[in-house]
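Participant: The file below is run_27.txt, compact mmCIF, C-alpha atoms and all ligand atoms:
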# COMPACT_ATOMS: atom_id res chain seq x y z
CA MET A 1 0.00 0.00 0.00
CA ALA A 2 1.36 3.40 -0.97
CA ILE A 3 1.24 4.97 2.46
CA SER A 4 2.78 8.44 2.52
CA ALA A 5 6.33 8.60 3.75
CA ILE A 6 7.83 10.86 6.39
CA ASP A 7 10.13 13.34 4.62
CA GLU A 8 11.63 16.81 5.06
CA THR A 9 8.13 18.36 5.03
CA HIS A 10 7.50 16.84 8.48
CA ASP A 11 10.72 18.11 10.06
CA PRO A 12 9.59 19.91 13.26
CA LYS A 13 12.63 22.19 13.21
CA ARG A 14 11.71 23.84 9.92
CA GLN A 15 9.94 27.18 10.18
CA SER A 16 8.29 29.49 7.69
CA TRP A 17 9.10 33.08 6.79
CA VAL A 18 5.31 33.55 6.92
CA GLY A 19 5.45 34.46 10.60
CA SER A 20 1.89 33.51 11.53
CA ALA A 21 2.53 29.91 10.43
CA ASN A 22 5.01 29.21 13.21
CA GLY A 23 3.06 27.87 16.16
CA HIS A 24 -0.24 28.15 14.27
CA ALA A 25 -2.76 25.72 15.77
CA ASP A 26 -3.99 24.51 12.38
CA PHE A 27 -1.78 25.60 9.52
CA PRO A 28 1.95 25.49 10.29
CA LEU A 29 4.43 24.91 7.46
CA GLN A 30 4.13 21.15 7.98
CA ASN A 31 0.40 21.06 7.07
CA LEU A 32 -0.14 22.88 3.73
CA PRO A 33 -3.74 21.76 3.09
CA PHE A 34 -5.41 22.36 -0.27
CA GLY A 35 -8.55 24.43 -0.79
CA VAL A 36 -10.31 26.61 -3.35
CA PHE A 37 -10.61 30.33 -2.68
CA SER A 38 -11.42 33.64 -4.31
CA PRO A 39 -9.16 36.54 -3.44
CA PRO A 40 -10.93 39.82 -2.78
CA GLY A 41 -11.65 41.57 -6.06
CA ASN A 42 -10.65 44.99 -4.89
CA TYR A 43 -6.94 44.39 -5.06
CA VAL A 44 -6.57 41.34 -7.28
CA PRO A 45 -7.74 41.88 -10.86
CA ASP A 46 -8.55 38.20 -11.36
CA ALA A 47 -10.70 37.29 -8.38
CA LYS A 48 -11.81 34.02 -9.88
CA ALA A 49 -11.74 30.91 -7.71
CA ARG A 50 -8.49 28.98 -7.75
CA GLY A 51 -6.56 26.48 -5.65
CA GLY A 52 -4.58 27.55 -2.64
CA MET A 53 -2.81 26.20 0.40
CA ALA A 54 -3.31 27.47 3.93
CA ILE A 55 -0.16 28.76 5.64
CA GLY A 56 -0.67 30.45 8.99
CA ASP A 57 -3.28 33.17 8.53
CA LYS A 58 -2.46 33.47 4.82
CA ILE A 59 -3.43 31.59 1.67
CA PHE A 60 -0.70 30.62 -0.77
CA ASP A 61 -1.99 31.26 -4.30
CA ILE A 62 -0.96 28.27 -6.44
CA LYS A 63 -2.03 29.89 -9.71
CA ALA A 64 -0.11 33.08 -9.04
CA ALA A 65 2.98 31.11 -8.04
CA LEU A 66 2.72 29.03 -11.22
CA ALA A 67 2.43 32.18 -13.32
CA ALA A 68 5.54 33.52 -11.58
CA GLY A 69 7.48 30.44 -12.65
CA LEU A 70 8.05 29.10 -9.14
CA PHE A 71 7.32 25.44 -9.98
CA SER A 72 9.14 22.83 -12.01
CA ASP A 73 8.52 19.34 -13.35
CA GLU A 74 5.76 17.29 -11.70
CA ALA A 75 4.96 20.09 -9.26
CA ALA A 76 4.16 22.39 -12.20
CA ILE A 77 1.74 19.77 -13.55
CA ALA A 78 0.02 19.59 -10.16
CA ALA A 79 -0.03 23.39 -9.84
CA ARG A 80 -1.70 23.71 -13.24
CA ALA A 81 -4.31 21.14 -12.16
CA ALA A 82 -4.92 23.12 -8.96
CA SER A 83 -5.33 26.50 -10.67
CA GLY A 84 -9.01 26.20 -11.53
CA GLY A 85 -12.20 26.58 -9.54
CA SER A 86 -12.25 22.99 -8.28
CA LEU A 87 -9.55 20.56 -7.24
CA ASN A 88 -10.90 17.58 -9.21
CA PRO A 89 -8.08 17.75 -11.80
CA LEU A 90 -5.46 17.76 -9.03
CA MET A 91 -7.23 14.91 -7.25
CA ALA A 92 -7.27 12.87 -10.47
CA LEU A 93 -3.47 13.04 -10.73
CA GLY A 94 -2.83 10.90 -7.68
CA ALA A 95 -0.12 11.21 -5.08
CA GLY A 96 3.01 11.69 -7.23
CA PRO A 97 2.44 15.22 -8.56
CA ARG A 98 0.59 16.24 -5.38
CA VAL A 99 3.58 15.28 -3.23
CA ALA A 100 5.96 17.07 -5.62
CA LEU A 101 3.86 20.24 -5.29
CA ARG A 102 3.80 19.93 -1.50
CA ARG A 103 7.59 19.60 -1.37
CA GLN A 104 8.19 22.60 -3.63
CA VAL A 105 5.70 24.80 -1.75
CA PHE A 106 7.34 23.72 1.51
CA ASP A 107 10.73 24.77 0.12
CA LEU A 108 9.35 28.11 -1.11
CA LEU A 109 7.77 28.93 2.25
CA ALA A 110 10.46 27.57 4.58
CA THR A 111 12.77 30.19 6.07
CA ASP A 112 15.77 28.15 4.96
CA GLY A 113 14.26 26.89 1.69
CA LYS A 114 16.52 26.82 -1.36
CA ASN A 115 14.06 28.95 -3.33
CA ALA A 116 12.62 30.92 -0.43
CA ALA A 117 14.23 34.19 -1.53
CA LYS A 118 12.40 34.08 -4.87
CA ALA A 119 9.08 33.48 -3.11
CA ARG A 120 9.68 36.24 -0.55
CA ASP A 121 10.27 38.73 -3.34
CA LEU A 122 6.85 37.80 -4.73
CA ALA A 123 5.08 37.64 -1.36
CA THR A 124 2.45 40.27 -2.14
CA ALA A 125 1.46 38.43 -5.33
CA ILE A 126 1.37 34.87 -4.00
CA LEU A 127 0.00 35.34 -0.47
CA HIS A 128 -3.44 36.61 0.50
CA ASP A 129 -4.87 37.35 3.93
CA ALA A 130 -7.16 34.38 4.56
CA ASP A 131 -9.76 36.42 6.42
CA VAL A 132 -10.61 38.52 3.36
CA CYS A 133 -10.79 35.60 0.90
CA ALA A 134 -13.94 33.61 0.12
CA MET A 135 -13.64 29.84 0.45
CA HIS A 136 -15.49 27.34 -1.72
CA VAL A 137 -16.36 23.64 -1.63
CA PRO A 138 -12.95 22.34 -2.73
CA ALA A 139 -14.16 19.94 -5.42
CA LYS A 140 -17.13 19.34 -7.64
CA VAL A 141 -18.58 16.38 -5.78
CA MET A 142 -20.47 13.90 -7.94
CA SER A 143 -21.10 11.30 -5.23
CA PHE A 144 -21.30 11.58 -1.46
CA THR A 145 -21.39 8.40 0.60
CA ASP A 146 -22.00 8.66 4.31
CA PHE A 147 -20.72 5.76 6.39
CA PHE A 148 -21.76 4.83 9.92
CA ALA A 149 -18.37 3.79 11.27
CA GLY A 150 -18.51 5.59 14.62
CA ILE A 151 -19.43 2.57 16.70
CA HIS A 152 -20.46 4.51 19.81
CA HIS A 153 -22.78 6.71 17.75
CA ALA A 154 -24.23 3.64 16.05
CA THR A 155 -24.74 1.99 19.43
CA ASN A 156 -26.39 5.07 20.94
CA GLY A 157 -28.77 5.41 18.01
CA GLY A 158 -29.52 1.71 17.82
CA ARG A 159 -30.25 1.43 21.52
CA ARG A 160 -33.40 3.50 21.10
CA ARG A 161 -34.64 1.18 18.38
CA ASN A 162 -33.52 -2.11 19.89
CA PRO A 163 -32.03 -1.99 23.41
CA ASN A 164 -31.05 -5.67 23.30
CA ASP A 165 -29.18 -5.58 19.99
CA PRO A 166 -28.42 -1.92 19.20
CA LEU A 167 -25.94 -2.59 16.40
CA GLY A 168 -27.87 -5.30 14.60
CA PRO A 169 -26.40 -8.44 13.07
CA ASN A 170 -24.53 -6.80 10.17
CA TYR A 171 -22.65 -3.92 11.81
CA LYS A 172 -19.42 -5.78 12.58
CA TYR A 173 -19.29 -7.34 9.11
CA VAL A 174 -20.46 -4.49 6.85
CA PRO A 175 -19.15 -0.89 6.84
CA VAL A 176 -22.75 0.37 6.78
CA ALA A 177 -23.43 3.47 4.66
CA TYR A 178 -26.07 5.30 2.67
CA HIS A 179 -25.84 7.46 -0.42
CA SER A 180 -26.27 11.08 0.55
CA ARG A 181 -26.86 14.12 -1.62
CA ALA A 182 -23.91 15.84 -3.34
CA SER A 183 -25.91 18.73 -4.82
CA SER A 184 -26.63 20.32 -1.43
CA LEU A 185 -23.08 20.31 -0.10
CA GLN A 186 -21.97 23.74 1.05
CA VAL A 187 -18.82 25.18 2.51
CA SER A 188 -18.15 26.24 6.08
CA GLY A 189 -19.58 29.66 6.89
CA GLN A 190 -22.69 29.38 4.74
CA PRO A 191 -25.95 29.36 6.74
CA ILE A 192 -28.13 26.26 6.84
CA ARG A 193 -31.86 26.82 6.42
CA ARG A 194 -34.08 24.88 8.79
CA PRO A 195 -35.78 22.33 6.57
CA SER A 196 -39.47 21.63 6.47
CA GLY A 197 -40.83 18.19 5.86
CA GLN A 198 -43.19 15.50 6.88
CA ARG A 199 -42.77 14.49 10.48
CA LYS A 200 -44.73 12.60 13.08
CA LEU A 201 -43.87 12.40 16.72
CA PRO A 202 -44.69 9.09 18.42
CA GLU A 203 -47.52 10.72 20.38
CA GLU A 204 -49.13 12.17 17.24
CA ASN A 205 -51.76 10.24 15.30
CA ALA A 206 -50.85 11.47 11.85
CA PRO A 207 -47.94 13.24 10.18
CA SER A 208 -47.91 16.93 9.33
CA TYR A 209 -45.74 19.12 7.11
CA GLY A 210 -43.75 21.87 8.77
CA PRO A 211 -40.38 23.09 10.02
CA CYS A 212 -38.09 20.48 11.56
CA ARG A 213 -38.44 20.34 15.34
CA LYS A 214 -35.39 18.16 15.96
CA LEU A 215 -32.57 19.76 13.97
CA ASP A 216 -29.19 18.22 14.74
CA TYR A 217 -25.54 18.33 13.69
CA GLU A 218 -23.32 15.30 13.16
CA LEU A 219 -19.56 15.56 13.79
CA GLU A 220 -17.94 13.59 10.98
CA VAL A 221 -14.60 13.40 9.22
CA ALA A 222 -14.70 13.90 5.45
CA ILE A 223 -12.60 11.69 3.20
CA TRP A 224 -11.75 13.24 -0.18
CA LEU A 225 -11.08 10.72 -2.93
CA GLY A 226 -8.62 10.91 -5.78
CA PRO A 227 -8.09 8.67 -8.80
CA GLY A 228 -11.10 6.47 -9.51
CA ASN A 229 -11.44 2.86 -10.54
CA ARG A 230 -12.93 1.39 -13.69
CA GLN A 231 -16.53 0.28 -13.18
CA GLY A 232 -16.54 -3.43 -12.46
CA GLU A 233 -13.05 -3.43 -10.95
CA PRO A 234 -13.03 -3.25 -7.15
CA ILE A 235 -10.20 -1.47 -5.33
CA PRO A 236 -8.43 -3.97 -3.08
CA ILE A 237 -7.82 -2.72 0.42
CA SER A 238 -4.06 -2.90 -0.21
CA GLU A 239 -4.42 -0.24 -2.95
CA ALA A 240 -6.97 2.01 -1.24
CA ALA A 241 -4.36 4.57 -0.18
CA ASP A 242 -3.68 5.38 -3.85
CA HIS A 243 -7.25 6.66 -4.11
CA ILE A 244 -7.41 8.90 -1.03
CA VAL A 245 -6.35 12.57 -1.15
CA GLY A 246 -6.99 13.75 2.37
CA LEU A 247 -9.36 14.53 5.19
CA GLY A 248 -11.56 17.37 6.39
CA PHE A 249 -14.89 17.76 8.13
CA VAL A 250 -18.43 17.14 7.10
CA ASN A 251 -21.37 18.23 9.21
CA ASP A 252 -24.15 15.86 8.21
CA TRP A 253 -27.01 18.10 9.38
CA SER A 254 -29.92 15.87 10.33
CA ALA A 255 -33.63 16.58 10.70
CA ARG A 256 -34.32 13.85 13.24
CA ASP A 257 -38.10 14.08 13.21
CA ILE A 258 -38.23 13.90 9.41
CA GLN A 259 -35.61 11.13 9.42
CA GLN A 260 -37.35 9.06 12.07
CA TRP A 261 -40.68 9.12 10.22
CA GLU A 262 -39.35 8.51 6.71
CA SER A 263 -36.50 6.06 7.26
CA ALA A 264 -38.31 2.73 7.50
CA PRO A 265 -37.54 0.70 5.45
CA LEU A 266 -35.06 2.42 3.10
CA GLY A 267 -33.06 4.72 5.37
CA PRO A 268 -32.25 8.45 5.42
CA PHE A 269 -33.57 10.68 2.62
CA LEU A 270 -35.05 14.17 3.12
CA GLY A 271 -33.98 14.18 6.76
CA LYS A 272 -30.40 14.53 5.49
CA SER A 273 -30.45 15.89 1.94
CA PHE A 274 -31.34 19.54 2.72
CA GLY A 275 -27.66 20.37 3.25
CA SER A 276 -24.28 19.15 4.45
CA THR A 277 -21.39 21.45 5.36
CA VAL A 278 -17.76 20.66 4.54
CA SER A 279 -14.68 22.44 5.84
CA PRO A 280 -12.78 24.26 3.10
CA TRP A 281 -9.33 22.70 3.60
CA ILE A 282 -8.26 19.21 2.59
CA VAL A 283 -5.53 18.03 4.93
CA THR A 284 -3.57 15.64 2.75
CA MET A 285 -2.57 12.09 3.50
CA GLU A 286 1.01 13.38 3.24
CA ALA A 287 0.50 15.92 6.02
CA LEU A 288 -1.19 13.26 8.14
CA ALA A 289 1.58 10.68 7.69
CA PRO A 290 3.08 11.20 11.19
CA PHE A 291 -0.32 10.72 12.81
CA ARG A 292 -1.04 7.24 11.45
CA VAL A 293 -1.54 4.63 14.12
CA ALA A 294 -2.70 1.04 14.37
CA GLN A 295 -6.43 0.44 14.13
CA PRO A 296 -7.55 -0.36 17.70
CA ALA A 297 -7.98 -4.08 18.21
CA ARG A 298 -11.53 -5.32 17.78
CA PRO A 299 -13.14 -6.12 21.11
CA GLY A 300 -12.89 -9.77 22.07
CA GLY A 301 -15.61 -11.84 20.45
CA ASP A 302 -16.04 -9.54 17.45
CA PRO A 303 -15.88 -11.41 14.13
CA ARG A 304 -12.86 -11.02 11.89
CA PRO A 305 -13.87 -9.05 8.78
CA LEU A 306 -14.22 -10.93 5.51
CA PRO A 307 -10.94 -11.23 3.57
CA TYR A 308 -11.67 -8.33 1.18
CA LEU A 309 -11.89 -6.04 4.24
CA TRP A 310 -8.79 -7.32 6.00
CA ASP A 311 -5.23 -6.19 5.41
CA GLU A 312 -2.46 -6.54 7.98
CA ALA A 313 -0.64 -3.39 6.87
CA ASP A 314 -3.90 -1.43 7.07
CA GLN A 315 -4.53 -2.72 10.58
CA LYS A 316 -1.00 -1.69 11.61
CA ALA A 317 -1.08 1.88 10.22
CA GLY A 318 -4.48 2.59 8.68
CA ALA A 319 -6.04 4.55 11.54
CA PHE A 320 -5.41 8.13 12.64
CA ALA A 321 -5.26 9.74 16.07
CA ILE A 322 -7.10 13.01 15.44
CA GLU A 323 -8.77 14.86 18.30
CA LEU A 324 -12.21 16.20 17.41
CA GLU A 325 -14.34 18.83 19.11
CA ALA A 326 -17.89 20.05 18.53
CA PHE A 327 -19.11 23.41 19.83
CA ILE A 328 -22.33 25.43 19.76
CA LEU A 329 -22.34 29.22 19.53
CA THR A 330 -25.81 30.56 20.27
CA GLU A 331 -27.19 33.95 19.26
CA LYS A 332 -26.90 35.05 22.91
CA MET A 333 -23.24 33.98 23.11
CA ARG A 334 -22.49 35.77 19.85
CA ALA A 335 -24.16 38.97 21.04
CA SER A 336 -22.24 38.99 24.32
CA GLY A 337 -18.91 38.00 22.78
CA GLN A 338 -18.72 34.63 24.54
CA ALA A 339 -16.70 31.72 23.21
CA PRO A 340 -18.59 28.75 21.78
CA HIS A 341 -19.62 26.07 24.26
CA ARG A 342 -17.90 22.73 23.77
CA MET A 343 -20.48 19.98 23.46
CA SER A 344 -18.17 17.01 22.93
CA HIS A 345 -14.66 15.80 22.28
CA SER A 346 -13.89 12.52 20.59
CA ASN A 347 -11.19 10.93 18.46
CA THR A 348 -10.97 9.26 15.07
CA LEU A 349 -9.80 6.16 16.97
CA ASP A 350 -13.50 5.75 17.82
CA LEU A 351 -14.09 4.57 14.24
CA TYR A 352 -14.74 0.84 13.87
CA TRP A 353 -13.55 0.75 10.23
CA THR A 354 -10.49 2.32 8.62
CA ILE A 355 -10.85 4.62 5.63
CA ALA A 356 -9.15 1.98 3.45
CA GLN A 357 -11.83 -0.51 4.50
CA MET A 358 -14.46 2.05 3.45
CA VAL A 359 -12.89 2.43 -0.01
CA ALA A 360 -12.62 -1.36 -0.43
CA HIS A 361 -16.22 -1.81 0.65
CA GLN A 362 -17.64 0.98 -1.54
CA THR A 363 -16.02 -0.59 -4.62
CA CYS A 364 -16.29 -4.31 -3.78
CA ASN A 365 -19.35 -4.67 -6.00
CA GLY A 366 -17.60 -2.94 -8.90
CA CYS A 367 -19.05 0.51 -8.18
CA ASN A 368 -16.67 3.17 -9.47
CA ILE A 369 -15.47 6.15 -7.47
CA GLU A 370 -14.39 9.38 -9.15
CA PRO A 371 -11.89 12.13 -8.31
CA GLY A 372 -13.58 14.54 -5.93
CA ASP A 373 -15.97 12.00 -4.46
CA LEU A 374 -16.67 12.47 -0.80
CA PHE A 375 -17.09 10.00 2.04
CA GLY A 376 -18.30 10.88 5.50
CA THR A 377 -17.11 8.57 8.25
CA GLY A 378 -20.37 8.72 10.18
CA THR A 379 -20.73 10.60 13.42
CA ILE A 380 -17.68 10.12 15.61
CA SER A 381 -18.75 9.77 19.22
CA GLY A 382 -16.62 8.70 22.15
CA PRO A 383 -17.68 5.95 24.54
CA THR A 384 -19.03 8.33 27.22
CA PRO A 385 -21.40 11.33 27.07
CA GLU A 386 -18.48 13.82 26.92
CA GLY A 387 -17.73 12.33 23.52
CA TRP A 388 -21.17 12.18 21.95
CA GLY A 389 -20.99 13.86 18.55
CA SER A 390 -24.65 14.72 17.95
CA LEU A 391 -27.45 16.34 19.92
CA SER A 392 -29.76 13.36 19.49
CA GLU A 393 -27.29 11.41 21.61
CA LEU A 394 -26.62 14.22 24.11
CA SER A 395 -30.34 14.91 24.57
CA ARG A 396 -31.46 11.27 24.40
CA ASP A 397 -33.58 12.20 21.41
CA GLY A 398 -34.89 15.34 23.06
CA GLN A 399 -35.63 13.88 26.50
CA GLN A 400 -32.78 15.65 28.30
CA SER A 401 -31.68 19.26 27.97
CA ASN A 402 -28.00 20.16 28.01
CA PRO A 403 -26.80 23.20 29.97
CA LEU A 404 -24.60 25.67 28.06
CA SER A 405 -22.00 28.09 29.42
CA SER A 406 -24.36 31.00 28.61
CA GLY A 407 -26.98 29.72 31.03
CA GLU A 408 -29.13 28.50 28.13
CA THR A 409 -30.02 24.87 27.51
CA ARG A 410 -30.38 22.81 24.34
CA THR A 411 -32.01 19.62 23.27
CA PHE A 412 -31.81 20.29 19.52
CA LEU A 413 -30.57 23.28 17.50
CA GLU A 414 -32.46 26.56 17.58
CA ASP A 415 -32.44 29.25 14.92
CA GLY A 416 -29.29 31.34 15.29
CA ASP A 417 -27.24 28.46 16.73
CA GLU A 418 -23.96 27.83 15.00
CA ALA A 419 -22.29 24.40 15.05
CA VAL A 420 -18.49 24.65 15.06
CA PHE A 421 -16.09 21.72 14.62
CA ARG A 422 -12.35 21.69 15.24
CA ALA A 423 -9.73 18.94 14.91
CA HIS A 424 -6.07 18.55 15.73
CA ALA A 425 -3.49 15.83 15.25
CA ARG A 426 -0.61 15.75 17.72
CA ARG A 427 2.36 13.47 18.21
CA ASP A 428 5.55 13.90 20.19
CA GLY A 429 8.43 14.87 17.92
CA TYR A 430 6.17 16.42 15.26
CA VAL A 431 4.45 19.74 14.72
CA SER A 432 0.71 19.57 15.49
CA ILE A 433 -1.64 20.28 12.61
CA GLY A 434 -5.36 21.02 12.41
CA PHE A 435 -8.27 20.98 10.00
CA GLY A 436 -9.33 24.61 10.45
CA GLU A 437 -12.96 25.15 11.38
CA CYS A 438 -16.20 23.83 9.98
CA ARG A 439 -19.00 26.26 10.85
CA GLY A 440 -22.65 26.52 9.96
CA ARG A 441 -25.38 28.72 11.46
CA VAL A 442 -29.01 27.67 11.49
CA VAL A 443 -31.43 30.20 10.02
CA ALA A 444 -35.20 30.06 10.11
CA GLY A 445 -36.82 28.04 7.32
CA CA B 1 -24.19 10.86 9.18
Let's see the structure in the file written out as structure tokens.

Facilitator:
Amino acid sequence: MAISAIDETHDPKRQSWVGSANGHADFPLQNLPFGVFSPPGNYVPDAKARGGMAIGDKIFDIKAALAAGLFSDEAAIAARAASGGSLNPLMALGAGPRVALRRQVFDLLATDGKNAAKARDLATAILHDADVCAMHVPAKVMSFTDFFAGIHHATNGGRRRNPNDPLGPNYKYVPVAYHSRASSLQVSGQPIRRPSGQRKLPEENAPSYGPCRKLDYELEVAIWLGPGNRQGEPIPISEAADHIVGLGFVNDWSARDIQQWESAPLGPFLGKSFGSTVSPWIVTMEALAPFRVAQPARPGGDPRPLPYLWDEADQKAGAFAIELEAFILTEKMRASGQAPHRMSHSNTLDLYWTIAQMVAHQTCNGCNIEPGDLFGTGTISGPTPEGWGSLSELSRDGQQSNPLSSGETRTFLEDGDEAVFRAHARRDGYVSIGFGECRGRVVAG
């Protein structure tokens, strides 16, 4: 399996001449995530969307750097592919050119880089202040699959339906998923409109149509896919890494009342498809290389996965230790300048399946994936209430209200509430990196 190697771009001693990058919680020199942004039109003549990389509180403009002749060889090919309004062409190239681009950008932005002087001379042309740029969904997503690999979330949800067998007979054999809606993906910062739909509470005799009364967020990691497979040709788990570009967030907003009424027997539909929010930055597999860990051992008694889902190398290094946090910022907190209230903290080690297992499973029937496809991991909850990554879990489906730091309480989301996700990967001997934020504010329907 082509797992990314540790190289000079992970050296913790290297620093950037972009001062804000050094010690930055999310975007130090060692991260360099990809995204699509528009510079502000008032000082850049061509404000069209193009690919960039986050560095501290700046965005490195790949197109401008390419035009200035800062790239060579494979990195120039990757830079050209990343110069348009979506990253699909870059994703289609696979790891080789992407890694070459990462290494050249690292060299350009490192204080002691061989070509750093050239880049510094061009700083005003190739760097933008991130806070005045507009971010976009980083790829044109044709297919969005949402898995259900957070075993504690699956257990919490299943317990309400069947207390004696919350996971059901298939969970430990099948990486369960459903096809979600790609057309309604939006990027962090865009508001989410409270959906209306058909819902029926258990105590009601008949359904009615109206605004969702149980609006929820779901804390999930996004998996961005690269080169696809030919239809009919499954991707073996040993080759899955060649098809994965990187990770980010997806907030799989959920209208629980609509979902609960519509889901039997075919699963989520309108309770999910009104919108999903992704974070703008794709943290690459290369940046995440130091944070790979063994997949936690399956609890005793759990079945061994079928052979197409089992790979020793994947079990040894196919998981990630990424700390996740979900917050709510209410209208009241915003008005009084308070910080968001942390609702939960969990870890990607709470996933029952690795991302390579998800790729192998998605394609095992011959289904083809395409560059820019998106997977959600499923809600990542920890084993205890401090780690529960959705309000349906924290409120026991609305039965229990949760106190907030502002003195307010919540069962489900109210209009004006903003869900905020953050993630960080840390390991001794390496520079910590983060995903940046994934934010979305609920507005009245
Ligand atoms: Ca979900």

Participant: Can you list, as a count of residues only, every protein, DNA or RNA residue that comes within 8 Å of A:Arg193 when you count only C-alpha atoms, leaving out same-chain residues fewer than 2 positions away?

Facilitator: 6

Participant: Can you pull out the residues contacting A:Cys133? Cut-off 7 Å, using only C-alpha atoms, and skip same-chain residues under 5 positions away; I want them as a VMD selection string.

Facilitator: chain A and resid 37 to 40

Participant: To check your reading of the model: which residues sit at most 10 Å from ligand CA 1 (chain B) when counting only C-alpha atoms and all ligand atoms? Write the answer as a ChimeraX atom specification.

Facilitator: /A:145-150,153-154,177-178,180,217-221,250-254,268,272,276,376-380,390

Participant: Have a look at atom CA of A:Glu437 and atom CA of A:Phe249 and let me know their distance in Å, one decimal.

Facilitator: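 About the pair atom CA of A:Glu437 and atom CA of A:Phe249: they are 8.3 Å apart.
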
Participant: Any idea what's packed within 9 Å of A:His424, counting all atoms listed in the file, ignoring anything in its chain fewer than 5 positions away? Could you give it as an MDAnalysis selection string?

Facilitator: chainID A and resid 25:26 321:325 432:436

Participant: So what do you get for atom CA of A:Asp112 versus atom CA of A:Ser4, distance-wise?

Facilitator: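 These two atoms are separated by 23.7 Å.
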